[in-house]
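Have a look at the structure below before the remarks.
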Amino acid sequence: MEIVLLDAKTIGDDIDLSCFQTLGNVTRYDFSTSAQVPKRVEEADVIILNKVEINEATIGTAKNLKLVCVTATGTNNLDKAYLESRNIAWRNVAGYSTESVAQHTFAMLFYLLEHLRYYDDYVKNDHYTGDTIFTHFEKRFCEINGKTWGIIGLGNIGRRVASIASAFGANVIYASPSGHAPQEGYHQVDLDTLYRTSDIISVHAPLNEYTNALINLDAFCKMKKSCIFLNLGRGPIVVEEDLAKAIKSGAIKAAGLDVLCQEPMSPDCPLRALSDHSNLLITPHVAWASIEARTRLMQIIFEQVKEFFHLA
């Protein structure tokens with residue numbers, strides 16, 4: 001069996017992929033452009049990829065291809081009609097990063113909520129040395145306990161965030177942009193109610209016709225001025241120009257993003273101009289990427305290949 005990894009760098013050099021060598025010959029590429037793919041997959045039985053576009057132009061030369069494995073949940077990069085026309089199966093992976101994304105959600109929240117950058121700088125810039133009193137709380141912060149936490153997108157990650165937020169004593173509510181029926185054990189509200197009443201809002205929804213550009217200036221203006229907004233779903237759910245306006249105008253207190261409309265960040269991203277705003281935190285789509293999550297991801301892919309080819 002010929003197994004080709006087209007963009008292995010997206011998984012990281014620290015993850016052991018030697019298990020795939022027990023299944024056949026493995027060829028690993030760090031990155032692959034669309035132009036490079038046809039030559040690289042000519043002999044492949046299995047291709048493993050994250051962001052590479054899979055369509056007739058890229059895999060038309062792959063005469064032996066039987067299985068396409070996506071090292072992610074989203075499959076927007078697959079031309080499924082073309083794969084079906086050639087009887088090529090595909091697999092994706094869900095649920096592998098729930099703990100990692102939930103953890104990062106709270107890491108971002110605490111950074112913003114407790115002004116950790118300010119307090120770290122205060123000490124490291126030597127302001128605390130010989131200070132007047134034993135404490136310094138110029139930047140005031142509040143407790144999660146008793147606050148309302150609004151979640152947009154109550155899938156596996158949303159539910160995990162809800163359980164942790166509840167453990168901190170938050171009143172958790174959620175909204176379903178697609179209008180799904182209420183989930184038992186959770187308090188569903190409409191989006192306007194969520195915007196108006198939440199002290200913390202976190203997005204964990206997929207990108208679809210219901211969520212694209214959902215969080216715009218109108219939504220930000222409905223939020224409390226004390227609200228902390230977090231997006232760990234998909235970048236285009238938020239209108240970035242409108243978020244920049246909301247941050248600069250004080251429409252909301254702070255925002256944390258792990259996803260952007262264009263990744264890596266576009267030079268034209270309107271949020272680049274806010275680099276001096278301590279109430280904006282952006283991380284480079286890393287919430288999913290704990291060591292455990294990436295290891296779990298590739299183990300699932302390994303098992304998918306074995307199952308497909310009926311290997312013990």
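Every chain in the structure tokens has a letter given in the order shown (A, B, ...), and although residue numbers restart at 1 in each chain, ligands are simply numbered from 1 in the order shown.
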- Within 12 Å of Ser178 in chain A, counting only C-alpha atoms, which residues qualify if same-chain residues fewer than 6 places away don't, as a PyMOL selection string? chain A and resi 152-154+190-191+205-212+214
Take the residues from that selection and put them in a file with all heavy atoms, as a compact mmCIF listing (two decimals), in the first residue's frame.
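Ended up saving to out.txt:
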```
# COMPACT_ATOMS: atom_id res chain seq x y z
N ILE A 152 -22.70 30.03 21.66
CA ILE A 152 -23.28 29.91 20.32
C ILE A 152 -22.69 28.67 19.67
O ILE A 152 -21.50 28.63 19.37
CB ILE A 152 -22.99 31.17 19.47
CG1 ILE A 152 -23.60 32.41 20.13
CG2 ILE A 152 -23.54 31.00 18.06
CD1 ILE A 152 -23.26 33.71 19.43
N GLY A 153 -23.51 27.64 19.51
CA GLY A 153 -23.04 26.38 18.97
C GLY A 153 -22.82 25.36 20.07
O GLY A 153 -21.74 25.29 20.64
N LEU A 154 -23.85 24.57 20.38
CA LEU A 154 -23.77 23.64 21.51
C LEU A 154 -23.52 22.22 21.01
O LEU A 154 -24.33 21.32 21.21
CB LEU A 154 -25.03 23.72 22.36
CG LEU A 154 -24.91 23.18 23.78
CD1 LEU A 154 -24.03 24.09 24.63
CD2 LEU A 154 -26.29 23.05 24.43
N ASP A 190 -33.03 32.83 22.37
CA ASP A 190 -32.78 33.36 21.03
C ASP A 190 -31.49 34.18 21.04
O ASP A 190 -30.98 34.57 22.09
CB ASP A 190 -33.97 34.19 20.54
CG ASP A 190 -34.25 35.38 21.45
OD1 ASP A 190 -33.49 36.36 21.42
OD2 ASP A 190 -35.24 35.31 22.21
N LEU A 191 -30.97 34.47 19.86
CA LEU A 191 -29.69 35.16 19.76
C LEU A 191 -29.73 36.55 20.39
O LEU A 191 -28.78 36.94 21.09
CB LEU A 191 -29.26 35.27 18.29
CG LEU A 191 -28.61 34.02 17.69
CD1 LEU A 191 -28.56 34.12 16.18
CD2 LEU A 191 -27.20 33.81 18.27
N ALA A 205 -19.44 27.24 16.99
CA ALA A 205 -20.31 26.76 15.91
C ALA A 205 -19.50 26.51 14.64
O ALA A 205 -18.44 27.09 14.43
CB ALA A 205 -21.39 27.81 15.64
N PRO A 206 -20.02 25.65 13.77
CA PRO A 206 -19.39 25.48 12.45
C PRO A 206 -19.75 26.65 11.55
O PRO A 206 -20.65 27.43 11.85
CB PRO A 206 -20.04 24.18 11.94
CG PRO A 206 -21.39 24.17 12.59
CD PRO A 206 -21.19 24.78 13.95
N LEU A 207 -19.04 26.77 10.45
CA LEU A 207 -19.34 27.80 9.46
C LEU A 207 -20.33 27.23 8.46
O LEU A 207 -20.07 26.22 7.80
CB LEU A 207 -18.07 28.25 8.74
CG LEU A 207 -18.25 29.31 7.67
CD1 LEU A 207 -18.76 30.61 8.27
CD2 LEU A 207 -16.95 29.54 6.91
N ASN A 208 -21.50 27.86 8.35
CA ASN A 208 -22.50 27.43 7.38
C ASN A 208 -23.37 28.63 7.02
O ASN A 208 -23.04 29.77 7.37
CB ASN A 208 -23.35 26.27 7.94
CG ASN A 208 -23.97 26.60 9.29
OD1 ASN A 208 -24.39 27.72 9.55
ND2 ASN A 208 -24.02 25.59 10.16
N GLU A 209 -24.47 28.37 6.34
CA GLU A 209 -25.32 29.47 5.88
C GLU A 209 -25.97 30.23 7.03
O GLU A 209 -26.40 31.38 6.87
CB GLU A 209 -26.40 28.96 4.92
CG GLU A 209 -27.42 28.03 5.53
CD GLU A 209 -27.04 26.56 5.45
OE1 GLU A 209 -25.82 26.25 5.46
OE2 GLU A 209 -27.97 25.73 5.37
N TYR A 210 -26.03 29.59 8.20
CA TYR A 210 -26.64 30.24 9.36
C TYR A 210 -25.64 31.09 10.15
O TYR A 210 -26.04 32.01 10.86
CB TYR A 210 -27.25 29.19 10.29
CG TYR A 210 -28.26 28.30 9.62
CD1 TYR A 210 -27.95 26.98 9.32
CD2 TYR A 210 -29.53 28.78 9.29
CE1 TYR A 210 -28.88 26.16 8.71
CE2 TYR A 210 -30.47 27.96 8.67
CZ TYR A 210 -30.13 26.65 8.38
OH TYR A 210 -31.05 25.83 7.77
N THR A 211 -24.37 30.76 10.05
CA THR A 211 -23.38 31.42 10.90
C THR A 211 -22.44 32.36 10.15
O THR A 211 -21.75 33.16 10.78
CB THR A 211 -22.53 30.38 11.66
OG1 THR A 211 -21.84 29.55 10.71
CG2 THR A 211 -23.40 29.52 12.56
N ASN A 212 -22.38 32.28 8.84
CA ASN A 212 -21.48 33.16 8.09
C ASN A 212 -21.83 34.63 8.34
O ASN A 212 -22.97 35.05 8.13
CB ASN A 212 -21.57 32.85 6.59
CG ASN A 212 -20.56 33.62 5.78
OD1 ASN A 212 -19.39 33.74 6.17
ND2 ASN A 212 -20.98 34.15 4.65
N LEU A 214 -22.37 36.08 11.03
CA LEU A 214 -23.42 36.18 12.04
C LEU A 214 -23.12 37.29 13.06
O LEU A 214 -24.01 38.06 13.43
CB LEU A 214 -23.55 34.84 12.78
CG LEU A 214 -24.53 34.80 13.96
CD1 LEU A 214 -25.97 34.90 13.45
CD2 LEU A 214 -24.32 33.52 14.77
```
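For the residues A:Ser249, A:Ser18, A:Asn77, A:Asn55, ranking by smallest atom-to-atom distance to Phe220 in chain A using only C-alpha atoms places A:Ser249 first.
The shell of residues at most 10 Å from Leu271 in chain A, with only C-alpha atoms counted and near chain neighbours (fewer than 6 positions) removed, consists of Glu240, Glu241, Asp242, Leu243, Ala244, Lys245, Ile247, Leu260, Met265, His277, Leu280 and Ile282 of chain A.
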- Excluding His285 in chain A and residues on its chain fewer than 6 positions from it, collect all residues at most 10 Å away from it, counting only C-alpha atoms, and give them as a list in words. Leu232, Gly233, Arg234, Gly235, Leu257, Asp258, Val259, Leu260, Glu263 and Pro264 of chain A
- Once DSSP has gone over the backbone, tell me which residues of range 133-251 of chain A are in alpha helix (DSSP H), as a ChimeraX atom specification. /A:156-167,191-197,217-222,240-249
Keeping only N, CA and C atoms, write those residues as an mmCIF file, in the first residue's frame.
```
data_model
loop_
_atom_site.group_PDB
_atom_site.id
_atom_site.type_symbol
_atom_site.label_atom_id
_atom_site.label_comp_id
_atom_site.auth_asym_id
_atom_site.auth_seq_id
_atom_site.Cartn_x
_atom_site.Cartn_y
_atom_site.Cartn_z
ATOM 1 N N ASN A 156 -20.175 19.214 20.762
ATOM 2 C CA ASN A 156 -19.325 18.590 21.779
ATOM 3 C C ASN A 156 -18.511 19.621 22.546
ATOM 4 N N ILE A 157 -17.903 20.554 21.816
ATOM 5 C CA ILE A 157 -17.060 21.557 22.464
ATOM 6 C C ILE A 157 -17.915 22.515 23.277
ATOM 7 N N GLY A 158 -19.020 22.980 22.696
ATOM 8 C CA GLY A 158 -19.902 23.888 23.407
ATOM 9 C C GLY A 158 -20.410 23.286 24.710
ATOM 10 N N ARG A 159 -20.774 22.013 24.663
ATOM 11 C CA ARG A 159 -21.262 21.354 25.880
ATOM 12 C C ARG A 159 -20.163 21.208 26.919
ATOM 13 N N ARG A 160 -18.939 20.949 26.473
ATOM 14 C CA ARG A 160 -17.818 20.832 27.422
ATOM 15 C C ARG A 160 -17.531 22.180 28.069
ATOM 16 N N VAL A 161 -17.556 23.247 27.287
ATOM 17 C CA VAL A 161 -17.366 24.587 27.843
ATOM 18 C C VAL A 161 -18.486 24.896 28.830
ATOM 19 N N ALA A 162 -19.704 24.503 28.490
ATOM 20 C CA ALA A 162 -20.841 24.737 29.386
ATOM 21 C C ALA A 162 -20.641 24.054 30.732
ATOM 22 N N SER A 163 -20.130 22.832 30.711
ATOM 23 C CA SER A 163 -19.957 22.103 31.969
ATOM 24 C C SER A 163 -18.883 22.742 32.837
ATOM 25 N N ILE A 164 -17.807 23.222 32.205
ATOM 26 C CA ILE A 164 -16.734 23.869 32.974
ATOM 27 C C ILE A 164 -17.210 25.218 33.498
ATOM 28 N N ALA A 165 -17.894 25.976 32.644
ATOM 29 C CA ALA A 165 -18.429 27.274 33.080
ATOM 30 C C ALA A 165 -19.390 27.090 34.246
ATOM 31 N N SER A 166 -20.215 26.056 34.184
ATOM 32 C CA SER A 166 -21.142 25.768 35.281
ATOM 33 C C SER A 166 -20.394 25.441 36.559
ATOM 34 N N ALA A 167 -19.275 24.728 36.436
ATOM 35 C CA ALA A 167 -18.471 24.388 37.610
ATOM 36 C C ALA A 167 -17.905 25.636 38.273
ATOM 37 N N LEU A 191 -30.972 34.466 19.860
ATOM 38 C CA LEU A 191 -29.686 35.163 19.756
ATOM 39 C C LEU A 191 -29.726 36.545 20.390
ATOM 40 N N ASP A 192 -30.786 37.285 20.173
ATOM 41 C CA ASP A 192 -30.873 38.634 20.744
ATOM 42 C C ASP A 192 -30.811 38.592 22.267
ATOM 43 N N THR A 193 -31.487 37.620 22.872
ATOM 44 C CA THR A 193 -31.444 37.486 24.329
ATOM 45 C C THR A 193 -30.042 37.128 24.794
ATOM 46 N N LEU A 194 -29.396 36.259 24.049
ATOM 47 C CA LEU A 194 -28.023 35.886 24.401
ATOM 48 C C LEU A 194 -27.107 37.098 24.335
ATOM 49 N N TYR A 195 -27.215 37.876 23.260
ATOM 50 C CA TYR A 195 -26.368 39.067 23.121
ATOM 51 C C TYR A 195 -26.594 40.041 24.281
ATOM 52 N N ARG A 196 -27.852 40.290 24.611
ATOM 53 C CA ARG A 196 -28.197 41.319 25.597
ATOM 54 C C ARG A 196 -27.844 40.941 27.032
ATOM 55 N N THR A 197 -27.902 39.648 27.346
ATOM 56 C CA THR A 197 -27.799 39.239 28.753
ATOM 57 C C THR A 197 -26.478 38.601 29.139
ATOM 58 N N LEU A 217 -21.702 44.169 13.376
ATOM 59 C CA LEU A 217 -21.769 45.354 14.238
ATOM 60 C C LEU A 217 -23.089 45.423 14.996
ATOM 61 N N ASP A 218 -24.158 45.007 14.346
ATOM 62 C CA ASP A 218 -25.458 44.998 15.018
ATOM 63 C C ASP A 218 -25.430 44.087 16.242
ATOM 64 N N ALA A 219 -24.811 42.919 16.087
ATOM 65 C CA ALA A 219 -24.709 41.981 17.211
ATOM 66 C C ALA A 219 -23.845 42.560 18.329
ATOM 67 N N PHE A 220 -22.709 43.148 17.976
ATOM 68 C CA PHE A 220 -21.826 43.723 18.997
ATOM 69 C C PHE A 220 -22.515 44.862 19.750
ATOM 70 N N CYS A 221 -23.308 45.643 19.052
ATOM 71 C CA CYS A 221 -23.990 46.764 19.697
ATOM 72 C C CYS A 221 -25.082 46.302 20.662
ATOM 73 N N LYS A 222 -25.570 45.097 20.481
ATOM 74 C CA LYS A 222 -26.557 44.543 21.399
ATOM 75 C C LYS A 222 -25.913 43.970 22.660
ATOM 76 N N GLU A 240 -14.813 40.871 10.771
ATOM 77 C CA GLU A 240 -13.639 41.399 11.468
ATOM 78 C C GLU A 240 -13.614 42.930 11.502
ATOM 79 N N GLU A 241 -14.038 43.558 10.445
ATOM 80 C CA GLU A 241 -14.082 45.029 10.431
ATOM 81 C C GLU A 241 -15.024 45.545 11.520
ATOM 82 N N ASP A 242 -16.135 44.847 11.711
ATOM 83 C CA ASP A 242 -17.095 45.249 12.736
ATOM 84 C C ASP A 242 -16.551 44.996 14.138
ATOM 85 N N LEU A 243 -15.806 43.904 14.305
ATOM 86 C CA LEU A 243 -15.183 43.642 15.602
ATOM 87 C C LEU A 243 -14.158 44.725 15.925
ATOM 88 N N ALA A 244 -13.375 45.132 14.938
ATOM 89 C CA ALA A 244 -12.399 46.202 15.158
ATOM 90 C C ALA A 244 -13.098 47.478 15.624
ATOM 91 N N LYS A 245 -14.224 47.780 15.006
ATOM 92 C CA LYS A 245 -14.988 48.962 15.417
ATOM 93 C C LYS A 245 -15.503 48.803 16.846
ATOM 94 N N ALA A 246 -15.969 47.615 17.182
ATOM 95 C CA ALA A 246 -16.511 47.374 18.522
ATOM 96 C C ALA A 246 -15.436 47.495 19.594
ATOM 97 N N ILE A 247 -14.237 47.021 19.281
ATOM 98 C CA ILE A 247 -13.125 47.126 20.235
ATOM 99 C C ILE A 247 -12.725 48.588 20.410
ATOM 100 N N LYS A 248 -12.569 49.298 19.307
ATOM 101 C CA LYS A 248 -12.110 50.693 19.372
ATOM 102 C C LYS A 248 -13.138 51.615 20.016
ATOM 103 N N SER A 249 -14.411 51.319 19.814
ATOM 104 C CA SER A 249 -15.455 52.185 20.353
ATOM 105 C C SER A 249 -15.858 51.833 21.774
#
```
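Of the residues under consideration (A:Leu274, A:Ile215, A:Ile228, A:Cys142), A:Ile228 shows the shortest atom-to-atom contact distance to Leu112 in chain A when counting only C-alpha atoms.
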- Item | Contacts of Ala44 in chain A at 12 Å (only C-alpha atoms; same-chain gap of 2+ positions) as a PyMOL selection string | chain A and resi 1-6+24-28+37-42+46-48+59-68+88
With C-alpha atoms retained, export the selected residues as a compact mmCIF listing (two decimals), in the first residue's frame.
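The resulting file, result-v1.txt, is shown below:
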```txt
# COMPACT_ATOMS: atom_id res chain seq x y z
CA MET A 1 0.00 0.00 0.00
CA GLU A 2 1.22 3.48 -0.88
CA ILE A 3 0.31 6.11 1.74
CA VAL A 4 1.04 9.77 1.00
CA LEU A 5 0.84 12.55 3.60
CA LEU A 6 0.48 15.79 1.68
CA GLY A 24 2.74 0.09 3.74
CA ASN A 25 5.16 2.51 2.15
CA VAL A 26 4.76 6.03 3.56
CA THR A 27 5.78 9.19 1.69
CA ARG A 28 5.63 12.36 3.74
CA VAL A 37 -0.25 17.27 -5.76
CA PRO A 38 -0.88 15.45 -9.10
CA LYS A 39 2.70 14.17 -9.36
CA ARG A 40 2.84 13.27 -5.66
CA VAL A 41 -0.31 11.14 -5.65
CA GLU A 42 0.16 9.21 -8.92
CA VAL A 46 -4.29 6.47 0.46
CA ILE A 47 -3.71 10.18 0.84
CA ILE A 48 -3.77 11.96 4.18
CA ILE A 59 -5.97 13.90 -7.96
CA GLY A 60 -6.99 13.11 -11.52
CA THR A 61 -3.63 11.41 -11.97
CA ALA A 62 -4.07 9.13 -8.94
CA LYS A 63 -4.98 5.91 -10.73
CA ASN A 64 -4.79 3.70 -7.60
CA LEU A 65 -6.45 6.02 -5.09
CA LYS A 66 -9.01 4.35 -2.83
CA LEU A 67 -9.19 6.47 0.34
CA VAL A 68 -8.81 10.14 1.24
CA ILE A 88 -12.99 6.93 -3.83
```
- For each of A:Val305, A:His115, A:Asn145, A:Arg140, take the minimum atom-to-atom distance to Leu281 in chain A, counting only C-alpha atoms, then give the residue where this is smallest. A:His115
